[in-house]
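Trainee: Following this line is upload36.cif, made up of mmCIF, C-alpha atoms:
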```cif
data_structure
loop_
_atom_site.label_atom_id
_atom_site.label_comp_id
_atom_site.auth_asym_id
_atom_site.auth_seq_id
_atom_site.Cartn_x
_atom_site.Cartn_y
_atom_site.Cartn_z
CA MET A 1 -71.34 43.95 -66.72
CA SER A 2 -73.22 43.29 -69.94
CA THR A 3 -73.75 39.82 -71.31
CA LEU A 4 -71.27 40.60 -74.08
CA SER A 5 -68.66 41.79 -71.58
CA GLU A 6 -69.12 38.65 -69.49
CA LEU A 7 -68.64 36.48 -72.56
CA VAL A 8 -65.47 38.36 -73.52
CA ALA A 9 -64.08 37.99 -69.96
CA ARG A 10 -64.91 34.28 -69.90
CA LEU A 11 -63.28 33.65 -73.25
CA SER A 12 -60.21 35.62 -72.20
CA SER A 13 -59.76 33.44 -69.11
CA ILE A 14 -59.79 30.15 -71.05
CA PRO A 15 -56.11 30.21 -72.12
CA GLU A 16 -55.05 30.92 -68.53
CA LYS A 17 -57.18 28.06 -67.21
CA GLU A 18 -55.75 25.70 -69.80
CA ARG A 19 -52.22 26.80 -68.90
CA ARG A 20 -52.83 26.18 -65.22
CA ALA A 21 -54.42 22.80 -65.92
CA THR A 22 -51.39 21.81 -67.99
CA GLN A 23 -49.04 23.02 -65.28
CA ILE A 24 -50.88 21.07 -62.59
CA SER A 25 -50.74 17.95 -64.73
CA GLU A 26 -46.99 18.41 -65.19
CA MET A 27 -46.48 18.95 -61.46
CA VAL A 28 -48.32 15.70 -60.70
CA ALA A 29 -46.08 13.89 -63.20
CA VAL A 30 -42.98 15.38 -61.57
CA ARG A 31 -44.12 14.26 -58.11
CA GLU A 32 -44.60 10.73 -59.45
CA LYS A 33 -41.11 10.74 -60.94
CA LEU A 34 -39.68 12.03 -57.68
CA ALA A 35 -41.46 9.23 -55.83
CA VAL A 36 -39.83 6.64 -58.11
CA SER A 37 -36.42 8.26 -57.62
CA ALA A 38 -36.99 8.32 -53.85
CA ASN A 39 -37.70 4.58 -53.85
CA ASN A 40 -34.54 3.91 -55.86
CA ALA A 41 -32.52 6.10 -53.51
CA GLU A 42 -33.88 4.32 -50.44
CA ALA A 43 -33.00 0.90 -51.86
CA LEU A 44 -29.51 2.15 -52.70
CA ARG A 45 -29.16 3.68 -49.23
CA GLU A 46 -30.10 0.38 -47.58
CA LEU A 47 -27.58 -1.43 -49.78
CA SER A 48 -24.90 1.09 -48.89
CA THR A 49 -25.63 0.68 -45.18
CA ALA A 50 -25.35 -3.09 -45.46
CA LEU A 51 -22.05 -2.93 -47.36
CA ALA A 52 -20.63 -0.49 -44.81
CA ALA A 53 -20.31 -3.47 -42.45
CA ILE A 54 -17.57 -4.77 -44.78
CA GLU A 55 -14.25 -2.97 -44.41
CA GLY A 56 -12.16 -1.80 -47.36
CA LEU A 57 -14.90 -1.12 -49.93
CA ASP A 58 -13.51 1.98 -51.63
CA PHE A 59 -16.43 2.30 -54.04
CA LEU A 60 -18.83 3.06 -51.19
CA GLU A 61 -17.55 6.64 -50.98
CA LYS A 62 -18.66 7.28 -54.56
CA VAL A 63 -22.04 5.73 -53.82
CA GLN A 64 -22.58 7.90 -50.74
CA GLN A 65 -21.55 11.04 -52.62
CA GLY A 66 -24.04 10.27 -55.39
CA LEU A 67 -26.80 9.69 -52.86
CA ALA A 68 -26.04 12.95 -51.08
CA ILE A 69 -26.18 15.02 -54.27
CA ALA A 70 -29.37 13.31 -55.47
CA SER A 71 -31.02 13.82 -52.08
CA THR A 72 -30.07 17.50 -51.92
CA THR A 73 -31.29 18.16 -55.46
CA ALA A 74 -34.57 16.34 -54.82
CA GLY A 75 -35.14 18.27 -51.60
CA ARG A 76 -34.64 21.61 -53.29
CA LEU A 77 -36.93 20.67 -56.16
CA LYS A 78 -39.67 19.47 -53.84
CA THR A 79 -39.43 22.62 -51.71
CA ARG A 80 -39.60 24.84 -54.78
CA ILE A 81 -42.67 23.11 -56.17
CA GLU A 82 -44.57 22.87 -52.90
CA GLY A 83 -43.59 26.39 -51.84
CA GLY A 84 -45.10 27.94 -54.91
CA ALA A 85 -41.78 29.37 -56.11
CA GLY A 86 -42.79 28.77 -59.67
CA PHE A 87 -42.82 25.83 -62.01
CA GLU A 88 -40.27 26.06 -64.80
CA ARG A 89 -40.31 22.84 -66.80
CA LYS A 90 -36.75 23.28 -68.05
CA ARG A 91 -35.31 23.66 -64.56
CA VAL A 92 -37.42 20.78 -63.30
CA ASP A 93 -36.22 18.48 -66.09
CA GLU A 94 -32.61 19.45 -65.38
CA ALA A 95 -33.07 18.64 -61.70
CA LEU A 96 -34.68 15.29 -62.45
CA THR A 97 -31.86 14.44 -64.86
CA THR A 98 -29.26 15.25 -62.18
CA ILE A 99 -31.07 13.13 -59.61
CA ASN A 100 -31.44 10.09 -61.86
CA GLU A 101 -27.90 10.31 -63.24
CA ARG A 102 -26.44 10.40 -59.73
CA LEU A 103 -28.52 7.41 -58.66
CA GLU A 104 -27.65 5.45 -61.80
CA ASN A 105 -23.93 6.19 -61.39
CA ALA A 106 -24.04 5.19 -57.73
CA SER A 107 -25.81 1.94 -58.58
CA ALA A 108 -23.29 1.19 -61.33
CA ALA A 109 -20.44 1.84 -58.88
CA VAL A 110 -21.85 -0.78 -56.52
CA VAL A 111 -22.18 -3.39 -59.26
CA LYS A 112 -18.72 -2.76 -60.68
CA GLY A 113 -16.96 -2.42 -57.33
CA TRP A 114 -18.58 -5.47 -55.78
CA ARG A 115 -17.92 -7.73 -58.77
CA SER A 116 -14.30 -6.59 -58.89
CA LEU A 117 -13.95 -7.50 -55.21
CA ILE A 118 -15.24 -11.03 -55.74
CA ASP A 119 -13.24 -11.46 -58.96
CA GLU A 120 -10.06 -10.43 -57.14
CA GLN A 121 -10.66 -13.01 -54.44
CA GLN A 122 -11.24 -15.64 -57.09
CA ARG A 123 -8.05 -14.66 -58.87
CA ARG A 124 -6.05 -14.91 -55.66
CA PHE A 125 -7.18 -18.33 -54.52
CA LYS A 126 -8.13 -20.24 -57.69
CA PRO A 127 -4.52 -21.37 -58.43
CA LEU A 128 -4.22 -22.81 -54.93
CA VAL A 129 -7.62 -24.49 -55.27
CA ASP A 130 -6.51 -26.15 -58.51
CA ALA A 131 -3.13 -27.17 -57.05
CA ALA A 132 -4.76 -28.63 -53.94
CA ALA A 133 -7.24 -30.61 -56.05
CA ARG A 134 -4.52 -32.00 -58.34
CA ALA A 135 -2.41 -33.01 -55.35
CA ALA A 136 -5.45 -34.55 -53.63
CA LEU A 137 -4.56 -32.69 -50.47
CA PRO A 138 -6.74 -33.25 -47.40
CA GLY A 139 -9.21 -30.37 -47.22
CA ALA A 140 -9.09 -29.64 -50.96
CA ASP A 141 -12.85 -30.17 -51.24
CA ALA A 142 -13.49 -27.80 -48.33
CA LEU A 143 -11.37 -25.12 -49.99
CA THR A 144 -13.24 -25.60 -53.26
CA GLY A 145 -16.52 -25.28 -51.39
CA SER A 146 -15.47 -22.05 -49.70
CA ILE A 147 -14.48 -20.51 -53.03
CA THR A 148 -17.77 -21.64 -54.57
CA ARG A 149 -19.69 -19.89 -51.79
CA LEU A 150 -17.79 -16.69 -52.54
CA GLU A 151 -18.67 -16.99 -56.23
CA ALA A 152 -22.35 -17.07 -55.30
CA TRP A 153 -22.06 -13.53 -53.93
CA ARG A 154 -20.78 -12.01 -57.18
CA ASP A 155 -24.13 -10.99 -58.65
CA SER A 156 -25.96 -10.64 -55.33
CA PRO A 157 -24.25 -8.16 -53.00
CA PRO A 158 -25.55 -8.09 -49.41
CA THR A 159 -28.63 -5.92 -49.01
CA THR A 160 -28.88 -6.25 -45.22
CA VAL A 161 -26.38 -6.19 -42.36
CA GLN A 162 -27.24 -9.85 -41.70
CA GLN A 163 -26.29 -10.77 -45.26
CA ALA A 164 -23.09 -8.72 -44.99
CA ASN A 165 -22.16 -10.69 -41.87
CA ALA A 166 -22.88 -13.93 -43.73
CA TYR A 167 -20.54 -12.79 -46.51
CA LEU A 168 -17.83 -12.03 -43.94
CA VAL A 169 -18.21 -15.53 -42.54
CA ASP A 170 -17.76 -17.00 -46.03
CA THR A 171 -14.71 -14.80 -46.62
CA ALA A 172 -13.11 -15.83 -43.33
CA ALA A 173 -13.67 -19.48 -44.22
CA VAL A 174 -11.17 -19.32 -47.09
CA PRO A 175 -7.97 -18.82 -45.02
CA THR A 176 -9.30 -21.45 -42.60
CA ALA A 177 -9.72 -23.87 -45.49
CA VAL A 178 -6.17 -23.10 -46.63
CA ALA A 179 -4.93 -23.87 -43.12
CA ASN A 180 -6.74 -27.23 -43.28
CA LEU A 181 -5.20 -28.34 -46.57
CA GLY A 182 -2.78 -30.58 -44.77
CA LEU A 183 0.30 -28.66 -45.83
CA GLU A 184 2.86 -29.14 -43.13
CA GLY A 185 6.09 -27.49 -42.11
CA LYS A 186 7.35 -24.21 -43.51
CA ALA A 187 5.54 -24.68 -46.83
CA GLY A 188 2.23 -25.00 -45.03
CA LYS A 189 2.87 -21.96 -42.86
CA PHE A 190 3.97 -19.99 -45.89
CA MET A 191 0.77 -20.77 -47.82
CA ILE A 192 -1.40 -19.85 -44.82
CA ASP A 193 0.45 -16.53 -44.50
CA ALA A 194 0.14 -15.96 -48.25
CA SER A 195 -3.61 -16.56 -48.16
CA ASN A 196 -3.86 -13.84 -45.51
CA GLY A 197 -1.52 -11.45 -47.36
CA ARG A 198 1.21 -11.82 -44.72
CA ALA A 199 3.83 -13.76 -46.67
CA LYS A 200 7.36 -12.30 -46.59
CA ALA A 201 9.88 -12.20 -49.39
CA ARG A 202 12.52 -13.91 -47.23
CA ASP A 203 10.23 -16.95 -46.89
CA LEU A 204 10.79 -17.64 -50.58
CA GLN A 205 14.39 -18.57 -49.77
CA ASP A 206 13.35 -21.59 -47.72
CA PRO A 207 13.98 -24.92 -49.51
CA GLU A 208 10.60 -26.37 -48.45
CA VAL A 209 8.76 -23.39 -49.85
CA ILE A 210 10.77 -23.43 -53.05
CA ALA A 211 10.08 -27.15 -53.53
CA PHE A 212 6.34 -26.60 -53.10
CA LEU A 213 6.27 -23.74 -55.59
CA ASP A 214 8.31 -25.75 -58.06
CA SER A 215 5.68 -28.50 -57.82
CA TYR A 216 2.77 -26.06 -58.20
CA PRO A 217 3.96 -23.01 -60.19
CA ALA A 218 0.39 -21.79 -60.69
CA VAL A 219 0.30 -20.85 -57.02
CA TRP A 220 2.62 -17.90 -57.81
CA THR A 221 -0.53 -15.92 -58.64
CA ILE A 222 -1.66 -15.83 -55.04
CA LEU A 223 1.80 -14.80 -53.90
CA LYS A 224 2.00 -11.79 -56.20
CA VAL A 225 -1.24 -10.46 -54.77
CA GLY A 226 -0.70 -11.37 -51.16
CA MET A 227 2.75 -9.95 -50.74
#
```
Let me see the file written as structure tokens.

Mentor:
Amino acid sequence: MSTLSELVARLSSIPEKERRATQISEMVAVREKLAVSANNAEALRELSTALAAIEGLDFLEKVQQGLAIASTTAGRLKTRIEGGAGFERKRVDEALTTINERLENASAAVVKGWRSLIDEQQRRFKPLVDAAARAALPGADALTGSITRLEAWRDSPPTTVQQANAYLVDTAAVPTAVANLGLEGKAGKFMIDASNGRAKARDLQDPEVIAFLDSYPAVWTILKVGM
């Protein structure tokens, strides 16, 4: 090949080399983004595993579905890139968007669902806490303390099974504190049942119960939820 021909061939290959260099750079950037998403997914997976120790968390299903879709999409994208199936930036960007949206939605579901759970517990027991404090009932301070410990969980959901168990201990302490308020007779039994969601409509016909509720009408809030 003549010197001129070699020069022409070399010049002709420059655009292809530049294209490949750009593609490689983009692939490295995609791998870095996938690594960030993988870290976010792992943290969310650990959180989901911890919260699974707590029964009745309906929002966990949405979280697990989001994780599954994000994981499947990430796996397919990684396989396609590493298997040399071609690098199409548009398809890659669409996959990354799907992954991140699923993870963001799952994370938002945890925050919203967990805060709603704590807020509901606060709404149920706060009227009884206030009534017990106003009446200076024995154990009122203990009940206030148990509710305060629940409040501390609102913005910090358990991230380990150990923390989930600690939360369950704090939750179980509330009905115990209600039982230790010093309420006696049928009114006391009724309030303990109400705090556990086991109060019966027929109990409201008892004169002792009626007298208690007449004295502390704010407690009706806990009854509407518990029954």

Trainee: Mind telling me what the PyMOL selection byres ((chain A and resi 138-150) around 6) catches here, as a list in words?

Mentor: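 Residues picked by the PyMOL selection byres ((chain A and resi 138-150) around 6): Ala132, Ala133, Leu137, Glu151, Ala152, Trp153, Val174, Ala177, Asn180, Leu181 and Gly182 of chain A.
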
Trainee: Would you save the residues from that selection as a PDB file, in the frame of the given file, using C-alpha atoms?

Mentor:
```pdb
ATOM      1  CA  ALA A 132      -4.760 -28.630 -53.940  1.00  0.00           C
ATOM      2  CA  ALA A 133      -7.240 -30.610 -56.050  1.00  0.00           C
ATOM      3  CA  LEU A 137      -4.560 -32.690 -50.470  1.00  0.00           C
ATOM      4  CA  GLU A 151     -18.670 -16.990 -56.230  1.00  0.00           C
ATOM      5  CA  ALA A 152     -22.350 -17.070 -55.300  1.00  0.00           C
ATOM      6  CA  TRP A 153     -22.060 -13.530 -53.930  1.00  0.00           C
ATOM      7  CA  VAL A 174     -11.170 -19.320 -47.090  1.00  0.00           C
ATOM      8  CA  ALA A 177      -9.720 -23.870 -45.490  1.00  0.00           C
ATOM      9  CA  ASN A 180      -6.740 -27.230 -43.280  1.00  0.00           C
ATOM     10  CA  LEU A 181      -5.200 -28.340 -46.570  1.00  0.00           C
ATOM     11  CA  GLY A 182      -2.780 -30.580 -44.770  1.00  0.00           C
TER      12      GLY A 182
END
```

Trainee: I'd like to see the residues matched by the PyMOL selection byres ((chain A and resi 162) around 12) on this file, and ideally I'd get them as number ranges by chain.

Mentor: A: 47, 49-54, 157-161, 163-169

Trainee: Run the PyMOL selection byres ((chain A and resi 115) around 10) mentally over the shown coordinates, then write out the matched residues as a PDB file with C-alpha atoms, in the frame of the given file, using the chain letters and numbers from the document.

Mentor:
```
ATOM      1  CA  ALA A 109     -20.440   1.840 -58.880  1.00  0.00           C
ATOM      2  CA  VAL A 110     -21.850  -0.780 -56.520  1.00  0.00           C
ATOM      3  CA  VAL A 111     -22.180  -3.390 -59.260  1.00  0.00           C
ATOM      4  CA  LYS A 112     -18.720  -2.760 -60.680  1.00  0.00           C
ATOM      5  CA  GLY A 113     -16.960  -2.420 -57.330  1.00  0.00           C
ATOM      6  CA  TRP A 114     -18.580  -5.470 -55.780  1.00  0.00           C
ATOM      7  CA  SER A 116     -14.300  -6.590 -58.890  1.00  0.00           C
ATOM      8  CA  LEU A 117     -13.950  -7.500 -55.210  1.00  0.00           C
ATOM      9  CA  ILE A 118     -15.240 -11.030 -55.740  1.00  0.00           C
ATOM     10  CA  ASP A 119     -13.240 -11.460 -58.960  1.00  0.00           C
ATOM     11  CA  GLU A 120     -10.060 -10.430 -57.140  1.00  0.00           C
ATOM     12  CA  GLN A 121     -10.660 -13.010 -54.440  1.00  0.00           C
ATOM     13  CA  GLU A 151     -18.670 -16.990 -56.230  1.00  0.00           C
ATOM     14  CA  TRP A 153     -22.060 -13.530 -53.930  1.00  0.00           C
ATOM     15  CA  ARG A 154     -20.780 -12.010 -57.180  1.00  0.00           C
ATOM     16  CA  ASP A 155     -24.130 -10.990 -58.650  1.00  0.00           C
ATOM     17  CA  SER A 156     -25.960 -10.640 -55.330  1.00  0.00           C
ATOM     18  CA  PRO A 157     -24.250  -8.160 -53.000  1.00  0.00           C
TER      19      PRO A 157
END
```

Trainee: Between atom CA of Leu60 of chain A and atom CA of Ser107 of chain A, what is the distance in Å, rounded to a tenth?

Mentor: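 Computed distance, atom CA of Leu60 of chain A to atom CA of Ser107 of chain A, equals 10.2 Å.
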
Trainee: Just how far from atom CA of Met27 of chain A is atom CA of Ala74 of chain A, in Å to one decimal?

Mentor: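 Between atom CA of Ala74 of chain A and atom CA of Met27 of chain A the gap works out to 13.9 Å.
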
Trainee: Let me make sure I understand: among A:Phe190, A:Arg80, A:Ala179, A:Ala41, which one has the smallest atom-to-atom distance to Asp206 of chain A if we use all atoms listed in the file?

Mentor: A:Phe190

Trainee: Quick check, in Å to one decimal: how far apart do atom CA of Lys33 of chain A and atom CA of Val63 of chain A lie?

Mentor: 21.0 Å

Trainee: Go through A:Val209, A:Arg31, A:Asn105, A:Ala201 and flag the residue nearest Lys189 of chain A, using all atoms listed in the file for the distances.

Mentor: A:Val209
